[in-house]
file model_38.cif (mmCIF, C-alpha atoms)
data_work
#
loop_
_atom_site.group_PDB
_atom_site.id
_atom_site.type_symbol
_atom_site.label_atom_id
_atom_site.label_comp_id
_atom_site.auth_asym_id
_atom_site.auth_seq_id
_atom_site.Cartn_x
_atom_site.Cartn_y
_atom_site.Cartn_z
ATOM 1 C CA MET E 1037 -7.112 -7.994 13.660
ATOM 2 C CA GLY E 1038 -8.887 -10.817 11.955
ATOM 3 C CA GLY E 1039 -7.658 -13.850 10.147
ATOM 4 C CA SER E 1040 -5.847 -14.409 6.959
ATOM 5 C CA LEU E 1041 -7.150 -12.567 3.927
ATOM 6 C CA ARG E 1042 -5.355 -14.538 1.282
ATOM 7 C CA ALA E 1043 -2.755 -17.246 1.290
ATOM 8 C CA SER E 1044 -0.626 -18.004 -1.698
ATOM 9 C CA PRO E 1045 0.665 -21.532 -1.293
ATOM 10 C CA GLY E 1046 2.899 -21.200 -4.340
ATOM 11 C CA ILE E 1047 5.076 -18.602 -2.677
ATOM 12 C CA GLY E 1048 4.212 -19.212 0.971
ATOM 13 C CA TYR E 1049 2.952 -15.774 1.939
ATOM 14 C CA GLU E 1050 -0.110 -14.872 3.955
ATOM 15 C CA LEU E 1051 -1.805 -11.472 3.879
ATOM 16 C CA LYS E 1052 -3.347 -10.161 7.084
ATOM 17 C CA ARG E 1053 -4.515 -6.815 8.372
ATOM 18 C CA LEU E 1054 -1.560 -5.187 10.112
ATOM 19 C CA ARG E 1055 -0.903 -2.917 13.060
ATOM 20 C CA PRO E 1056 2.570 -1.414 12.677
ATOM 21 C CA THR E 1057 3.400 -1.893 16.355
ATOM 22 C CA THR E 1058 5.029 -5.339 16.154
ATOM 23 C CA PRO E 1059 8.800 -5.882 16.365
ATOM 24 C CA ALA E 1060 8.583 -7.473 12.889
ATOM 25 C CA PHE E 1061 7.376 -4.125 11.515
ATOM 26 C CA ASP E 1062 10.304 -2.299 13.124
ATOM 27 C CA GLY E 1063 12.751 -4.550 11.259
ATOM 28 C CA LEU E 1064 11.079 -3.844 7.914
ATOM 29 C CA LYS E 1065 10.909 -0.118 8.720
ATOM 30 C CA ASP E 1066 14.651 -0.060 9.476
ATOM 31 C CA GLU E 1067 15.398 -1.903 6.229
ATOM 32 C CA SER E 1068 13.362 0.586 4.185
ATOM 33 C CA ARG E 1069 15.074 3.550 5.856
ATOM 34 C CA LEU E 1070 18.541 2.116 5.203
ATOM 35 C CA GLU E 1071 17.585 1.821 1.523
ATOM 36 C CA GLY E 1072 16.631 5.507 1.506
ATOM 37 C CA TYR E 1073 12.857 5.014 1.609
ATOM 38 C CA TRP E 1074 10.899 6.806 4.327
ATOM 39 C CA MET E 1075 7.370 5.500 3.708
ATOM 40 C CA LEU E 1076 7.401 3.076 6.640
ATOM 41 C CA VAL E 1077 8.811 5.721 8.973
ATOM 42 C CA ARG E 1078 5.929 8.015 7.911
ATOM 43 C CA LEU E 1079 3.482 5.124 8.359
ATOM 44 C CA ALA E 1080 4.721 4.474 11.924
ATOM 45 C CA ASP E 1081 4.661 8.193 12.776
ATOM 46 C CA GLY E 1082 1.118 8.590 11.415
ATOM 47 C CA TRP E 1083 -0.053 5.554 13.364
ATOM 48 C CA SER E 1084 1.540 6.533 16.681
ATOM 49 C CA SER E 1085 0.285 10.132 16.430
ATOM 50 C CA GLY E 1086 -3.219 8.943 15.528
ATOM 51 C CA ARG E 1087 -3.151 10.892 12.230
ATOM 52 C CA ASN E 1088 -3.511 7.721 10.175
ATOM 53 C CA LYS E 1089 -4.672 4.440 11.668
ATOM 54 C CA PHE E 1090 -6.318 3.181 8.465
ATOM 55 C CA LEU E 1091 -9.715 3.183 10.177
ATOM 56 C CA LYS E 1092 -11.817 5.400 7.915
ATOM 57 C CA ARG E 1093 -14.394 3.873 5.581
ATOM 58 C CA GLY E 1094 -12.651 1.565 3.105
ATOM 59 C CA GLU E 1095 -9.183 1.961 4.558
ATOM 60 C CA ALA E 1096 -6.909 -0.959 5.444
ATOM 61 C CA LEU E 1097 -3.272 -1.733 6.143
ATOM 62 C CA PHE E 1098 -2.022 -5.129 4.976
ATOM 63 C CA GLY E 1099 1.049 -7.073 5.983
ATOM 64 C CA ALA E 1100 2.433 -10.021 4.058
ATOM 65 C CA TRP E 1101 3.874 -12.652 6.349
ATOM 66 C CA HIS E 1102 6.324 -15.395 5.487
ATOM 67 C CA GLY E 1103 6.172 -17.544 8.590
ATOM 68 C CA ARG E 1104 7.065 -15.182 11.434
ATOM 69 C CA ASP E 1105 8.744 -12.655 9.146
ATOM 70 C CA LEU E 1106 6.917 -9.563 7.956
ATOM 71 C CA ALA E 1107 7.918 -9.567 4.295
ATOM 72 C CA GLY E 1108 5.948 -6.592 2.983
ATOM 73 C CA VAL E 1109 3.424 -3.848 3.693
ATOM 74 C CA CYS E 1110 0.830 -1.938 1.681
ATOM 75 C CA GLY E 1111 -2.024 0.315 2.743
ATOM 76 C CA LEU E 1112 -5.188 1.863 1.387
ATOM 77 C CA ASN E 1113 -6.365 5.287 2.498
ATOM 78 C CA ILE E 1114 -8.966 7.768 1.422
ATOM 79 C CA ASP E 1115 -6.819 9.998 -0.795
ATOM 80 C CA PRO E 1116 -5.897 13.013 1.370
ATOM 81 C CA TYR E 1117 -4.958 15.072 -1.706
ATOM 82 C CA VAL E 1118 -8.443 14.897 -3.265
ATOM 83 C CA GLU E 1119 -11.574 16.538 -1.919
ATOM 84 C CA GLY E 1120 -14.327 14.111 -0.979
ATOM 85 C CA ARG E 1121 -14.154 10.421 -0.177
ATOM 86 C CA SER E 1122 -14.497 8.738 -3.564
ATOM 87 C CA HIS E 1123 -10.763 8.424 -4.291
ATOM 88 C CA GLY E 1124 -8.564 5.856 -2.583
ATOM 89 C CA ARG E 1125 -4.784 5.925 -2.472
ATOM 90 C CA VAL E 1126 -2.209 3.124 -2.416
ATOM 91 C CA ARG E 1127 0.078 3.905 0.527
ATOM 92 C CA HIS E 1128 3.414 2.781 1.887
ATOM 93 C CA LEU E 1129 4.150 -0.207 -0.385
ATOM 94 C CA PHE E 1130 7.406 -1.830 0.645
ATOM 95 C CA VAL E 1131 8.721 -5.376 0.227
ATOM 96 C CA GLY E 1132 11.800 -6.550 2.097
ATOM 97 C CA ALA E 1133 14.835 -7.404 -0.039
ATOM 98 C CA PRO E 1134 14.801 -11.183 0.594
ATOM 99 C CA HIS E 1135 11.192 -11.342 -0.637
ATOM 100 C CA ARG E 1136 11.411 -9.288 -3.820
ATOM 101 C CA ARG E 1137 10.770 -10.763 -7.266
ATOM 102 C CA ALA E 1138 8.397 -13.376 -5.783
ATOM 103 C CA GLY E 1139 5.122 -11.657 -6.729
ATOM 104 C CA LEU E 1140 4.636 -10.231 -3.266
ATOM 105 C CA GLY E 1141 4.315 -6.578 -4.313
ATOM 106 C CA ARG E 1142 1.692 -7.614 -6.860
ATOM 107 C CA MET E 1143 -0.155 -9.651 -4.218
ATOM 108 C CA LEU E 1144 -0.211 -6.691 -1.801
ATOM 109 C CA VAL E 1145 -1.374 -4.145 -4.377
ATOM 110 C CA GLU E 1146 -3.999 -6.557 -5.736
ATOM 111 C CA ALA E 1147 -5.402 -6.871 -2.193
ATOM 112 C CA VAL E 1148 -5.584 -3.066 -2.041
ATOM 113 C CA ILE E 1149 -7.241 -2.923 -5.485
ATOM 114 C CA ASP E 1150 -9.802 -5.568 -4.471
ATOM 115 C CA ARG E 1151 -10.727 -3.594 -1.375
ATOM 116 C CA ALA E 1152 -10.636 -0.194 -3.124
ATOM 117 C CA ARG E 1153 -13.032 -1.425 -5.811
ATOM 118 C CA ARG E 1154 -15.705 -1.878 -3.098
ATOM 119 C CA TYR E 1155 -15.334 1.584 -1.552
ATOM 120 C CA PHE E 1156 -13.919 4.010 -4.120
ATOM 121 C CA THR E 1157 -14.473 5.013 -7.741
ATOM 122 C CA VAL E 1158 -10.784 5.807 -8.313
ATOM 123 C CA LEU E 1159 -7.501 4.521 -6.896
ATOM 124 C CA ASN E 1160 -4.456 6.832 -7.030
ATOM 125 C CA THR E 1161 -0.793 6.395 -6.268
ATOM 126 C CA ARG E 1162 2.382 8.434 -6.443
ATOM 127 C CA ALA E 1163 5.047 5.961 -7.434
ATOM 128 C CA PRO E 1164 8.781 6.398 -7.755
ATOM 129 C CA ARG E 1165 9.914 6.258 -11.390
ATOM 130 C CA GLU E 1166 11.406 2.783 -10.918
ATOM 131 C CA ALA E 1167 7.919 1.464 -10.036
ATOM 132 C CA PHE E 1168 6.043 2.956 -13.024
ATOM 133 C CA ILE E 1169 6.109 -0.268 -15.068
ATOM 134 C CA PHE E 1170 5.030 -2.305 -12.028
ATOM 135 C CA TYR E 1171 1.867 -0.202 -11.583
ATOM 136 C CA GLU E 1172 1.141 -0.102 -15.305
ATOM 137 C CA ARG E 1173 1.285 -3.912 -15.473
ATOM 138 C CA LEU E 1174 -1.332 -3.990 -12.701
ATOM 139 C CA GLY E 1175 -3.668 -1.868 -14.823
ATOM 140 C CA PHE E 1176 -2.935 1.636 -13.547
ATOM 141 C CA GLU E 1177 -2.823 4.426 -16.138
ATOM 142 C CA ARG E 1178 -0.023 6.975 -16.055
ATOM 143 C CA VAL E 1179 -1.117 10.489 -15.050
ATOM 144 C CA GLU E 1180 0.755 13.585 -16.219
ATOM 145 C CA GLY E 1181 0.667 17.015 -14.628
ATOM 146 C CA GLU E 1182 -0.682 16.156 -11.160
ATOM 147 C CA GLU E 1183 1.635 16.800 -8.263
ATOM 148 C CA PHE E 1184 0.439 13.966 -6.021
ATOM 149 C CA VAL E 1185 -0.563 11.323 -8.576
ATOM 150 C CA THR E 1186 1.622 9.428 -11.027
ATOM 151 C CA HIS E 1187 -0.855 6.591 -11.701
ATOM 152 C CA ARG E 1188 -4.599 6.059 -11.458
ATOM 153 C CA MET E 1189 -7.048 3.200 -11.766
ATOM 154 C CA VAL E 1190 -10.690 4.113 -12.462
ATOM 155 C CA PHE E 1191 -13.320 1.604 -11.329
ATOM 156 C CA GLY E 1192 -16.337 3.267 -12.870
ATOM 157 C CA LYS E 1193 -19.606 4.464 -11.410
ATOM 158 C CA GLY E 1194 -20.974 3.608 -7.992
ATOM 159 C CA ASN E 1195 -19.384 1.941 -5.026
#
call {"tool": "encode", "arguments": {"input": "model_38.cif", "output": "C-alpha coordinates"}}
result
Amino acid sequence: MGGSLRASPGIGYELKRLRPTTPAFDGLKDESRLEGYWMLVRLADGWSSGRNKFLKRGEALFGAWHGRDLAGVCGLNIDPYVEGRSHGRVRHLFVGAPHRRAGLGRMLVEAVIDRARRYFTVLNTRAPREAFIFYERLGFERVEGEEFVTHRMVFGKGN
(Lines of atoms letter the chains of each structure in order from A and count residues from 1; the text may use other names and numbers.)
(Lines give C-alpha, C1' and ligand atoms only; values in the text may rest on other atoms or scores of the structure.)
Protein backbone atom coordinates (compact mmCIF):
# COMPACT_ATOMS: atom_id res chain seq x y z
CA MET A 1 0.00 0.00 0.00
CA GLY A 2 2.52 2.60 -0.94
CA GLY A 3 5.77 3.64 0.60
CA SER A 4 6.72 5.32 3.76
CA LEU A 5 4.77 8.42 4.69
CA ARG A 6 7.09 9.76 7.32
CA ALA A 7 10.20 8.51 9.00
CA SER A 8 11.40 9.86 12.29
CA PRO A 9 15.08 9.06 12.56
CA GLY A 10 15.23 10.32 16.13
CA ILE A 11 12.99 7.55 17.38
CA GLY A 12 13.34 5.05 14.54
CA TYR A 13 9.71 4.70 13.52
CA GLU A 14 8.24 4.66 10.04
CA LEU A 15 4.61 5.41 9.24
CA LYS A 16 2.96 3.52 6.40
CA ARG A 17 -0.57 2.86 5.26
CA LEU A 18 -1.71 -0.34 6.95
CA ARG A 19 -3.92 -3.32 6.19
CA PRO A 20 -4.79 -5.04 9.47
CA THR A 21 -4.28 -8.51 8.01
CA THR A 22 -0.60 -9.00 8.91
CA PRO A 23 0.57 -11.22 11.77
CA ALA A 24 2.20 -8.11 13.29
CA PHE A 25 -1.27 -6.54 13.60
CA ASP A 26 -2.61 -9.63 15.38
CA GLY A 27 0.08 -9.28 18.06
CA LEU A 28 -0.81 -5.63 18.67
CA LYS A 29 -4.53 -6.48 18.67
CA ASP A 30 -3.97 -9.19 21.31
CA GLU A 31 -1.93 -6.78 23.44
CA SER A 32 -4.68 -4.13 23.32
CA ARG A 33 -7.35 -6.69 24.24
CA LEU A 34 -5.32 -7.96 27.20
CA GLU A 35 -5.09 -4.36 28.44
CA GLY A 36 -8.89 -4.09 28.25
CA TYR A 37 -9.05 -2.04 25.04
CA TRP A 38 -11.23 -3.34 22.21
CA MET A 39 -10.53 -0.77 19.48
CA LEU A 40 -8.22 -3.04 17.48
CA VAL A 41 -10.65 -5.95 17.74
CA ARG A 42 -13.37 -3.64 16.35
CA LEU A 43 -10.96 -2.44 13.65
CA ALA A 44 -10.20 -6.04 12.57
CA ASP A 45 -13.90 -6.98 12.63
CA GLY A 46 -14.86 -3.92 10.57
CA TRP A 47 -12.12 -4.66 8.05
CA SER A 48 -12.91 -8.36 7.64
CA SER A 49 -16.66 -7.72 7.33
CA GLY A 50 -16.07 -4.94 4.79
CA ARG A 51 -17.88 -2.39 7.00
CA ASN A 52 -14.76 -0.26 7.36
CA LYS A 53 -11.77 -0.61 5.06
CA PHE A 54 -10.72 3.05 5.31
CA LEU A 55 -11.36 3.52 1.59
CA LYS A 56 -13.84 6.39 1.49
CA ARG A 57 -12.71 9.87 0.46
CA GLY A 58 -10.07 11.12 2.90
CA GLU A 59 -9.90 7.97 4.97
CA ALA A 60 -6.66 6.18 5.87
CA LEU A 61 -5.30 3.64 8.31
CA PHE A 62 -1.71 4.16 9.45
CA GLY A 63 0.71 1.77 11.08
CA ALA A 64 3.90 2.81 12.82
CA TRP A 65 6.67 0.30 12.30
CA HIS A 66 9.82 -0.14 14.34
CA GLY A 67 11.82 -2.47 12.14
CA ARG A 68 9.57 -5.50 11.65
CA ASP A 69 7.43 -4.72 14.70
CA LEU A 70 4.11 -2.94 14.36
CA ALA A 71 4.39 -0.46 17.22
CA GLY A 72 1.16 1.50 16.82
CA VAL A 73 -2.00 2.11 14.80
CA CYS A 74 -4.27 5.08 14.12
CA GLY A 75 -7.01 5.62 11.55
CA LEU A 76 -9.03 8.39 9.98
CA ASN A 77 -12.64 7.87 8.94
CA ILE A 78 -15.50 10.02 7.81
CA ASP A 79 -17.26 10.51 11.15
CA PRO A 80 -20.14 7.98 11.17
CA TYR A 81 -21.92 9.86 13.98
CA VAL A 82 -22.30 13.09 11.98
CA GLU A 83 -24.49 13.60 8.94
CA GLY A 84 -22.60 14.52 5.79
CA ARG A 85 -18.95 14.03 4.90
CA SER A 86 -17.26 17.15 6.25
CA HIS A 87 -16.29 15.70 9.65
CA GLY A 88 -13.43 13.26 10.08
CA ARG A 89 -12.86 11.06 13.10
CA VAL A 90 -9.66 9.79 14.73
CA ARG A 91 -10.12 6.03 15.07
CA HIS A 92 -8.48 3.13 16.85
CA LEU A 93 -5.35 4.82 18.25
CA PHE A 94 -3.22 2.28 20.07
CA VAL A 95 0.51 2.16 20.81
CA GLY A 96 2.14 -1.02 22.09
CA ALA A 97 3.56 -0.87 25.62
CA PRO A 98 7.26 -1.10 24.64
CA HIS A 99 6.83 1.94 22.37
CA ARG A 100 4.94 4.30 24.65
CA ARG A 101 6.38 7.62 25.82
CA ALA A 102 8.50 7.90 22.65
CA GLY A 103 6.27 10.38 20.78
CA LEU A 104 4.69 7.67 18.67
CA GLY A 105 1.07 8.45 19.57
CA ARG A 106 1.71 12.09 18.70
CA MET A 107 3.32 11.08 15.40
CA LEU A 108 0.33 8.89 14.47
CA VAL A 109 -2.30 11.48 15.36
CA GLU A 110 -0.34 14.24 13.60
CA ALA A 111 -0.37 12.11 10.43
CA VAL A 112 -4.15 11.80 10.80
CA ILE A 113 -4.48 15.57 11.40
CA ASP A 114 -2.34 16.34 8.33
CA ARG A 115 -4.53 14.15 6.15
CA ALA A 116 -7.81 15.30 7.74
CA ARG A 117 -6.94 18.94 7.10
CA ARG A 118 -7.03 18.21 3.34
CA TYR A 119 -10.41 16.47 3.32
CA PHE A 120 -12.49 17.64 6.29
CA THR A 121 -13.47 20.87 8.02
CA VAL A 122 -13.60 19.24 11.47
CA LEU A 123 -11.81 16.34 13.15
CA ASN A 124 -13.57 14.59 16.06
CA THR A 125 -12.53 11.96 18.55
CA ARG A 126 -13.99 10.19 21.55
CA ALA A 127 -11.07 9.72 23.89
CA PRO A 128 -10.85 7.88 27.18
CA ARG A 129 -10.42 10.27 30.11
CA GLU A 130 -6.75 9.31 30.51
CA ALA A 131 -6.07 10.61 26.97
CA PHE A 132 -7.78 14.02 27.35
CA ILE A 133 -4.54 15.91 28.04
CA PHE A 134 -2.80 14.14 25.14
CA TYR A 135 -5.43 15.37 22.65
CA GLU A 136 -5.55 18.85 24.15
CA ARG A 137 -1.76 19.19 23.76
CA LEU A 138 -2.21 18.35 20.07
CA GLY A 139 -4.64 21.25 19.69
CA PHE A 140 -8.00 19.53 20.13
CA GLU A 141 -10.66 21.41 22.10
CA ARG A 142 -12.69 19.60 24.74
CA VAL A 143 -16.37 19.12 23.84
CA GLU A 144 -19.07 18.82 26.50
CA GLY A 145 -22.50 17.30 26.08
CA GLU A 146 -21.99 15.24 22.91
CA GLU A 147 -22.30 11.51 23.28
CA PHE A 148 -19.78 10.52 20.61
CA VAL A 149 -17.28 13.38 20.80
CA THR A 150 -14.97 14.34 23.65
CA HIS A 151 -12.58 16.48 21.57
CA ARG A 152 -12.70 18.40 18.30
CA MET A 153 -10.30 20.22 16.03
CA VAL A 154 -11.80 22.75 13.60
CA PHE A 155 -9.82 23.45 10.43
CA GLY A 156 -11.93 26.28 9.09
CA LYS A 157 -13.71 26.80 5.80
CA GLY A 158 -13.19 24.79 2.65
CA ASN A 159 -11.36 21.57 2.02
call {"tool": "resolve_selection", "arguments": {"input": "model_38.cif", "expression": "the PyMOL selection byres ((chain E and resi 1174) around 10)", "output": "ChimeraX atom specification"}}
result
/E:1142,1145-1146,1149,1169-1173,1175-1177,1189
call {"tool": "atom_distance", "arguments": {"input": "model_38.cif", "atom1": "CA of Leu1054 (chain E)", "atom2": "CA of Tyr1155 (chain E)"}}
result
19.3 Å
call {"tool": "resolve_selection", "arguments": {"input": "model_38.cif", "expression": "the PyMOL selection byres ((chain E and resi 1124-1128) around 7)", "output": "VMD selection string"}}
result
chain E and resid 1075 to 1076 1079 1109 to 1115 1122 to 1123 1129 to 1130 1152 1156 1158 to 1161
call {"tool": "write_last_selection", "arguments": {"input": "model_38.cif", "atoms": "C-alpha atoms", "output": "short mmCIF file (atom, residue, chain, number, x, y, z; two decimals), keeping the file's coordinate frame"}}
result
data_model
loop_
_atom_site.label_atom_id
_atom_site.label_comp_id
_atom_site.auth_asym_id
_atom_site.auth_seq_id
_atom_site.Cartn_x
_atom_site.Cartn_y
_atom_site.Cartn_z
CA MET E 1075 7.37 5.50 3.71
CA LEU E 1076 7.40 3.08 6.64
CA LEU E 1079 3.48 5.12 8.36
CA VAL E 1109 3.42 -3.85 3.69
CA CYS E 1110 0.83 -1.94 1.68
CA GLY E 1111 -2.02 0.32 2.74
CA LEU E 1112 -5.19 1.86 1.39
CA ASN E 1113 -6.36 5.29 2.50
CA ILE E 1114 -8.97 7.77 1.42
CA ASP E 1115 -6.82 10.00 -0.80
CA SER E 1122 -14.50 8.74 -3.56
CA HIS E 1123 -10.76 8.42 -4.29
CA LEU E 1129 4.15 -0.21 -0.38
CA PHE E 1130 7.41 -1.83 0.64
CA ALA E 1152 -10.64 -0.19 -3.12
CA PHE E 1156 -13.92 4.01 -4.12
CA VAL E 1158 -10.78 5.81 -8.31
CA LEU E 1159 -7.50 4.52 -6.90
CA ASN E 1160 -4.46 6.83 -7.03
CA THR E 1161 -0.79 6.40 -6.27
#
call {"tool": "resolve_selection", "arguments": {"input": "model_38.cif", "expression": "the PyMOL selection byres ((chain E and resi 1140) around 9)", "output": "VMD selection string"}}
result
chain E and resid 1047 1049 1100 1107 to 1108 1131 1135 to 1139 1141 to 1145
call {"tool": "write_last_selection", "arguments": {"input": "model_38.cif", "atoms": "C-alpha atoms", "output": "tab-separated table (two decimals), in the frame of the given file"}}
result
chain	number	residue	atom	x	y	z
E	1047	ILE	CA	5.08	-18.60	-2.68
E	1049	TYR	CA	2.95	-15.77	1.94
E	1100	ALA	CA	2.43	-10.02	4.06
E	1107	ALA	CA	7.92	-9.57	4.30
E	1108	GLY	CA	5.95	-6.59	2.98
E	1131	VAL	CA	8.72	-5.38	0.23
E	1135	HIS	CA	11.19	-11.34	-0.64
E	1136	ARG	CA	11.41	-9.29	-3.82
E	1137	ARG	CA	10.77	-10.76	-7.27
E	1138	ALA	CA	8.40	-13.38	-5.78
E	1139	GLY	CA	5.12	-11.66	-6.73
E	1141	GLY	CA	4.32	-6.58	-4.31
E	1142	ARG	CA	1.69	-7.61	-6.86
E	1143	MET	CA	-0.16	-9.65	-4.22
E	1144	LEU	CA	-0.21	-6.69	-1.80
E	1145	VAL	CA	-1.37	-4.14	-4.38
call {"tool": "residues_near_point", "arguments": {"input": "model_38.cif", "point": "(10.6, -4.1, 10.4)", "cutoff": "10 Å", "atoms": "only C-alpha atoms", "output": "PyMOL selection string"}}
result
chain E and resi 1056-1069+1076+1105-1109+1132
call {"tool": "closest_residue", "arguments": {"input": "model_38.cif", "among": "E:Phe1098, E:Trp1074, E:Phe1168, E:Trp1083", "to": "Arg1188 (chain E)", "atoms": "all atoms listed in the file"}}
result
E:Phe1168
call {"tool": "atom_distance", "arguments": {"input": "model_38.cif", "atom1": "CA of Asp1150 (chain E)", "atom2": "CA of Glu1119 (chain E)"}}
result
22.3 Å
call {"tool": "atom_distance", "arguments": {"input": "model_38.cif", "atom1": "CA of Gly1086 (chain E)", "atom2": "CA of Arg1104 (chain E)"}}
result
26.5 Å
call {"tool": "closest_residue", "arguments": {"input": "model_38.cif", "among": "E:Phe1184, E:Val1148, E:Arg1053, E:Arg1178", "to": "Lys1089 (chain E)", "atoms": "only C-alpha atoms"}}
result
E:Arg1053
call {"tool": "residues_near_point", "arguments": {"input": "model_38.cif", "point": "(2.1, 7.0, -5.9)", "cutoff": "6 Å", "atoms": "all atoms listed in the file", "output": "PDB file with C-alpha atoms, in the coordinates of the input"}}
result
ATOM      1  CA  THR E1161      -0.793   6.395  -6.268  1.00  0.00           C
ATOM      2  CA  ARG E1162       2.382   8.434  -6.443  1.00  0.00           C
ATOM      3  CA  ALA E1163       5.047   5.961  -7.434  1.00  0.00           C
ATOM      4  CA  VAL E1185      -0.563  11.323  -8.576  1.00  0.00           C
ATOM      5  CA  THR E1186       1.622   9.428 -11.027  1.00  0.00           C
TER       6      THR E1186
END
call {"tool": "build_atoms", "arguments": {"input": "model_38.cif", "residues": "region 1134-1155 of chain E", "atoms": "N, CA and C atoms", "output": "CSV table (one decimal), keeping the file's coordinate frame"}}
result
chain,number,residue,atom,x,y,z
E,1134,PRO,N,14.8,-9.7,0.8
E,1134,PRO,CA,14.8,-11.2,0.6
E,1134,PRO,C,13.5,-11.7,-0.1
E,1135,HIS,N,12.5,-10.9,-0.1
E,1135,HIS,CA,11.2,-11.3,-0.6
E,1135,HIS,C,10.8,-10.7,-2.0
E,1136,ARG,N,11.7,-9.9,-2.5
E,1136,ARG,CA,11.4,-9.3,-3.8
E,1136,ARG,C,11.5,-10.3,-5.0
E,1137,ARG,N,10.8,-10.0,-6.0
E,1137,ARG,CA,10.8,-10.8,-7.3
E,1137,ARG,C,10.0,-12.1,-7.1
E,1138,ALA,N,9.2,-12.2,-6.0
E,1138,ALA,CA,8.4,-13.4,-5.8
E,1138,ALA,C,6.9,-13.1,-6.0
E,1139,GLY,N,6.5,-12.0,-6.5
E,1139,GLY,CA,5.1,-11.7,-6.7
E,1139,GLY,C,4.4,-11.0,-5.5
E,1140,LEU,N,5.2,-10.7,-4.5
E,1140,LEU,CA,4.6,-10.2,-3.3
E,1140,LEU,C,4.1,-8.8,-3.4
E,1141,GLY,N,4.8,-7.9,-4.1
E,1141,GLY,CA,4.3,-6.6,-4.3
E,1141,GLY,C,3.0,-6.6,-5.1
E,1142,ARG,N,2.9,-7.4,-6.1
E,1142,ARG,CA,1.7,-7.6,-6.9
E,1142,ARG,C,0.6,-8.1,-6.0
E,1143,MET,N,0.8,-9.1,-5.1
E,1143,MET,CA,-0.2,-9.7,-4.2
E,1143,MET,C,-0.7,-8.6,-3.3
E,1144,LEU,N,0.2,-7.8,-2.7
E,1144,LEU,CA,-0.2,-6.7,-1.8
E,1144,LEU,C,-1.1,-5.6,-2.5
E,1145,VAL,N,-0.6,-5.2,-3.7
E,1145,VAL,CA,-1.4,-4.1,-4.4
E,1145,VAL,C,-2.7,-4.7,-4.9
E,1146,GLU,N,-2.7,-6.0,-5.3
E,1146,GLU,CA,-4.0,-6.6,-5.7
E,1146,GLU,C,-5.0,-6.6,-4.6
E,1147,ALA,N,-4.5,-6.9,-3.4
E,1147,ALA,CA,-5.4,-6.9,-2.2
E,1147,ALA,C,-6.0,-5.5,-2.0
E,1148,VAL,N,-5.1,-4.5,-2.2
E,1148,VAL,CA,-5.6,-3.1,-2.0
E,1148,VAL,C,-6.6,-2.7,-3.1
E,1149,ILE,N,-6.3,-3.2,-4.4
E,1149,ILE,CA,-7.2,-2.9,-5.5
E,1149,ILE,C,-8.6,-3.6,-5.2
E,1150,ASP,N,-8.6,-4.8,-4.8
E,1150,ASP,CA,-9.8,-5.6,-4.5
E,1150,ASP,C,-10.6,-4.8,-3.4
E,1151,ARG,N,-10.0,-4.3,-2.4
E,1151,ARG,CA,-10.7,-3.6,-1.4
E,1151,ARG,C,-11.2,-2.2,-1.9
E,1152,ALA,N,-10.3,-1.5,-2.6
E,1152,ALA,CA,-10.6,-0.2,-3.1
E,1152,ALA,C,-11.8,-0.2,-4.1
E,1153,ARG,N,-11.9,-1.3,-4.8
E,1153,ARG,CA,-13.0,-1.4,-5.8
E,1153,ARG,C,-14.4,-1.4,-5.1
E,1154,ARG,N,-14.4,-1.8,-3.9
E,1154,ARG,CA,-15.7,-1.9,-3.1
E,1154,ARG,C,-16.1,-0.5,-2.5
E,1155,TYR,N,-15.1,0.3,-2.3
E,1155,TYR,CA,-15.3,1.6,-1.6
E,1155,TYR,C,-15.1,2.9,-2.3
